[in-house]
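Here's upload21.cif, which has mmCIF, C-alpha atoms:
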data_model
loop_
_atom_site.label_atom_id
_atom_site.label_comp_id
_atom_site.auth_asym_id
_atom_site.auth_seq_id
_atom_site.Cartn_x
_atom_site.Cartn_y
_atom_site.Cartn_z
CA MET A 1 -18.66 -7.02 -0.72
CA SER A 2 -18.89 -10.67 0.26
CA GLU A 3 -15.93 -10.81 2.64
CA GLN A 4 -15.30 -8.56 5.63
CA PRO A 5 -13.70 -5.23 4.61
CA ALA A 6 -10.55 -5.75 6.72
CA GLU A 7 -10.03 -9.23 5.23
CA LYS A 8 -10.61 -7.82 1.73
CA PHE A 9 -7.97 -5.14 2.45
CA TRP A 10 -5.30 -7.66 3.50
CA ASP A 11 -6.18 -10.01 0.62
CA MET A 12 -5.76 -7.18 -1.86
CA VAL A 13 -2.51 -5.67 -0.54
CA GLU A 14 -0.83 -9.10 -0.44
CA ASP A 15 -1.08 -9.17 -4.25
CA PHE A 16 0.64 -5.82 -4.93
CA GLN A 17 4.31 -5.77 -5.95
CA THR A 18 4.81 -2.01 -5.51
CA CYS A 19 3.19 0.89 -3.73
CA MET A 20 3.90 4.58 -3.38
CA VAL A 21 4.86 5.49 0.19
CA THR A 22 4.24 9.14 1.06
CA THR A 23 5.95 10.97 3.92
CA ARG A 24 6.08 14.60 4.97
CA ASP A 25 9.32 16.46 4.22
CA GLY A 26 8.83 19.64 6.19
CA GLY A 27 5.80 21.27 4.59
CA LYS A 28 5.89 19.14 1.45
CA LEU A 29 4.74 15.61 0.69
CA ARG A 30 7.17 13.14 -0.89
CA SER A 31 6.27 9.82 -2.46
CA ARG A 32 8.49 7.01 -3.60
CA PRO A 33 7.85 3.51 -4.98
CA MET A 34 8.65 0.69 -2.58
CA ALA A 35 8.13 -3.09 -2.52
CA PRO A 36 5.73 -4.09 0.28
CA ARG A 37 5.89 -7.25 2.31
CA ILE A 38 2.79 -7.99 4.34
CA SER A 39 2.78 -9.15 7.95
CA ARG A 40 -0.90 -9.93 8.25
CA GLU A 41 -0.53 -11.50 11.70
CA ARG A 42 0.76 -8.23 13.15
CA GLY A 43 -1.29 -6.00 10.86
CA GLU A 44 1.77 -4.36 9.32
CA ILE A 45 3.20 -3.47 5.94
CA LEU A 46 6.99 -3.88 5.79
CA PHE A 47 9.58 -2.35 3.45
CA ILE A 48 13.32 -2.95 3.32
CA THR A 49 15.15 0.39 3.52
CA ASP A 50 18.45 2.04 4.24
CA LYS A 51 18.34 3.37 7.80
CA ASN A 52 20.25 6.48 6.64
CA SER A 53 17.72 7.43 3.93
CA HIS A 54 15.76 10.67 3.79
CA LYS A 55 12.48 8.84 4.34
CA VAL A 56 13.74 7.65 7.73
CA ASP A 57 14.53 11.24 8.73
CA GLU A 58 11.06 12.24 7.53
CA ILE A 59 9.21 9.59 9.56
CA GLU A 60 11.25 10.42 12.64
CA ALA A 61 9.98 14.01 12.29
CA ASP A 62 6.39 12.97 11.45
CA ALA A 63 5.35 9.31 11.66
CA GLN A 64 2.12 9.80 9.67
CA VAL A 65 2.37 8.16 6.24
CA ALA A 66 0.20 7.20 3.31
CA CYS A 67 0.57 4.27 0.94
CA SER A 68 -1.08 4.07 -2.48
CA PHE A 69 -1.48 0.72 -4.19
CA VAL A 70 -2.58 0.52 -7.84
CA GLN A 71 -2.74 -2.45 -10.20
CA LYS A 72 -5.08 -3.44 -12.97
CA GLU A 73 -8.50 -2.41 -11.70
CA GLU A 74 -7.71 -2.42 -7.98
CA TYR A 75 -6.87 0.63 -5.91
CA VAL A 76 -6.06 0.85 -2.20
CA ALA A 77 -5.17 3.97 -0.20
CA VAL A 78 -3.74 3.52 3.30
CA SER A 79 -3.18 5.93 6.19
CA GLY A 80 -1.04 4.92 9.12
CA THR A 81 2.06 5.45 11.20
CA ALA A 82 5.60 4.39 10.40
CA SER A 83 8.59 3.36 12.46
CA LEU A 84 12.00 1.90 11.77
CA SER A 85 13.20 -1.52 12.92
CA THR A 86 16.72 -2.91 12.75
CA ASP A 87 15.62 -6.21 14.31
CA ARG A 88 17.28 -9.02 12.30
CA ALA A 89 14.20 -11.24 12.49
CA ARG A 90 12.08 -8.46 10.96
CA ILE A 91 14.68 -7.91 8.23
CA ASP A 92 14.65 -11.66 7.46
CA GLU A 93 10.85 -11.57 7.26
CA ALA A 94 10.82 -8.70 4.75
CA TRP A 95 13.91 -9.70 2.75
CA ASP A 96 13.69 -11.11 -0.77
CA PRO A 97 16.15 -11.43 -3.66
CA GLN A 98 15.08 -8.07 -5.14
CA ALA A 99 16.13 -6.28 -1.95
CA GLU A 100 19.73 -7.24 -2.68
CA ALA A 101 19.81 -4.75 -5.58
CA TRP A 102 18.87 -1.88 -3.25
CA MET A 103 20.94 -2.93 -0.26
CA PRO A 104 24.50 -3.63 -1.43
CA GLY A 105 25.54 -4.61 2.13
CA GLY A 106 23.00 -7.43 2.04
CA LYS A 107 20.48 -8.25 4.71
CA ASP A 108 23.18 -8.26 7.38
CA GLY A 109 24.60 -4.91 6.29
CA PRO A 110 24.91 -2.18 8.92
CA ASN A 111 22.42 0.13 7.16
CA THR A 112 19.75 -2.46 6.39
CA ALA A 113 16.48 -1.83 8.20
CA VAL A 114 12.74 -2.31 7.87
CA LEU A 115 10.22 0.49 7.55
CA VAL A 116 7.17 -0.75 9.46
CA ILE A 117 3.79 0.78 8.61
CA ARG A 118 0.87 0.18 10.92
CA PRO A 119 -2.26 1.00 8.92
CA SER A 120 -5.08 2.72 10.79
CA GLN A 121 -7.47 3.24 7.88
CA ALA A 122 -7.75 2.19 4.26
CA GLU A 123 -10.01 2.87 1.34
CA ILE A 124 -10.57 0.23 -1.33
CA TRP A 125 -11.80 0.64 -4.88
CA ASP A 126 -12.28 -2.68 -6.66
CA VAL A 127 -13.63 -2.58 -10.21
CA THR A 128 -16.10 -5.41 -10.27
CA SER A 129 -17.66 -5.12 -13.72
CA ASN A 130 -16.36 -6.27 -17.08
CA LYS A 131 -15.43 -3.83 -19.89
CA ILE A 132 -18.81 -4.06 -21.62
CA THR A 133 -20.70 -3.31 -18.41
CA GLN A 134 -18.29 -0.47 -17.66
CA ALA A 135 -18.92 1.06 -21.11
CA TRP A 136 -22.69 0.75 -20.60
CA GLU A 137 -22.50 2.36 -17.14
CA PHE A 138 -20.35 5.24 -18.45
CA ALA A 139 -22.77 5.79 -21.35
CA LYS A 140 -25.78 5.91 -18.99
CA ALA A 141 -24.00 8.43 -16.78
CA TYR A 142 -22.93 10.48 -19.79
CA VAL A 143 -26.48 10.86 -21.13
CA GLY A 144 -27.79 11.71 -17.68
CA ASP A 145 -29.61 8.46 -16.92
CA LYS A 146 -27.47 7.97 -13.78
CA PRO A 147 -25.51 10.42 -11.61
CA ARG A 148 -22.34 8.31 -11.99
CA PRO A 149 -21.27 4.92 -13.35
CA ASP A 150 -21.77 1.90 -11.11
CA THR A 151 -18.66 -0.16 -11.87
CA THR A 152 -16.69 -0.25 -8.64
CA GLU A 153 -17.03 -1.44 -5.06
CA ASN A 154 -15.73 1.26 -2.70
CA VAL A 155 -15.37 0.91 1.04
CA LYS A 156 -13.51 2.61 3.89
CA VAL A 157 -11.90 0.24 6.38
CA ASP A 158 -10.81 0.97 9.95
CA LEU A 159 -7.87 -1.30 10.75
#
Give the structure from the file, written as structure tokens.
Amino acid sequence: MSEQPAEKFWDMVEDFQTCMVTTRDGGKLRSRPMAPRISRERGEILFITDKNSHKVDEIEADAQVACSFVQKEEYVAVSGTASLSTDRARIDEAWDPQAEAWMPGGKDGPNTAVLVIRPSQAEIWDVTSNKITQAWEFAKAYVGDKPRPDTTENVKVDL
């Protein structure tokens, strides 16, 4: 990996349009798709949300969350803590035209808030080989020439 793992993490997550945010609902895990906005300067992932939603209740009971990002041949798993902000500047930072569909009261509505995730650790899988190389690597692993295909860069990142 040519760039530093933390920089690679932030570069990758800035490109994702959606991620699955997982919270704990009592003894069960719940995931839902959300649109991330990245605050690289503060090391945070932001999501517009309704402050009266179930996920807010869940993070108030247990702030530990996971986020899963998947697109094309890039995969990022994030562990961190979540909190809720109703600060108007934070809402402005995370707001975009798509948020309007989910928040009928608009960005100044009384229930509009930002779910703030502070990542503590991430794991990155970045497929670095082309399809022909991938097929060759899978074939070598299949016939026993290698223990597993070598097609992906994988790294754990402390944030």
Problem - Pick from A:Ser85, A:Gln98, A:Ser68, A:Gln17 nearest to Ile124 (chain A), counting only C-alpha atoms - result: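 Selected residue with least distance to Ile124 (chain A): A:Ser68.
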* 12 Å contact set for region 101-116 of chain A, all atoms listed in the file, chain neighbours under 3 positions out, as a ChimeraX atom specification -> /A:21,23,34-39,42-53,55-60,63-65,67,80-98,119
What residues come out when you apply the PyMOL selection byres ((chain A and resi 72) around 12) to this file, written as a tab-separated table (two decimals) with C-alpha atoms, keeping the file's coordinate frame?
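Now in result_21.tsv:
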chain	number	residue	atom	x	y	z
A	12	MET	CA	-5.76	-7.18	-1.86
A	15	ASP	CA	-1.08	-9.17	-4.25
A	16	PHE	CA	0.64	-5.82	-4.93
A	17	GLN	CA	4.31	-5.77	-5.95
A	69	PHE	CA	-1.48	0.72	-4.19
A	70	VAL	CA	-2.58	0.52	-7.84
A	71	GLN	CA	-2.74	-2.45	-10.20
A	73	GLU	CA	-8.50	-2.41	-11.70
A	74	GLU	CA	-7.71	-2.42	-7.98
A	75	TYR	CA	-6.87	0.63	-5.91
A	76	VAL	CA	-6.06	0.85	-2.20
A	125	TRP	CA	-11.80	0.64	-4.88
A	126	ASP	CA	-12.28	-2.68	-6.66
A	127	VAL	CA	-13.63	-2.58	-10.21
A	128	THR	CA	-16.10	-5.41	-10.27
What separates CA of Arg40 (chain A) and CA of Phe9 (chain A) is a distance of 10.3 Å
Computed interatomic separation between CA of Asp62 (chain A) and CA of Asp158 (chain A) (Å):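 Going from CA of Asp62 (chain A) over to CA of Asp158 (chain A), I get 21.0 Å.
For the pair CA of Leu159 (chain A) and CA of Gln4 (chain A), the interatomic distance is 11.6 Å.
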* Selection result of the PyMOL selection byres ((chain A and resi 31) around 8) on this file, as a list in words ->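 Going through the file, the PyMOL selection byres ((chain A and resi 31) around 8) ends up selecting Met20, Val21, Thr22, Thr23, Leu29, Arg30, Arg32 and Pro33 of chain A.
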_Can you translate the PyMOL selection byres ((chain A and resi 156) around 8) into the concrete residues it hits in this file, as number ranges by chain?_
A: 5, 121-124, 154-155, 157-158
Top pick for closest residue to Arg24 (chain A), considering A:Ala77, A:Ala61, A:Ala6, A:Ala99 and counting only C-alpha atoms:
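Nearest to Arg24 (chain A): A:Ala61.
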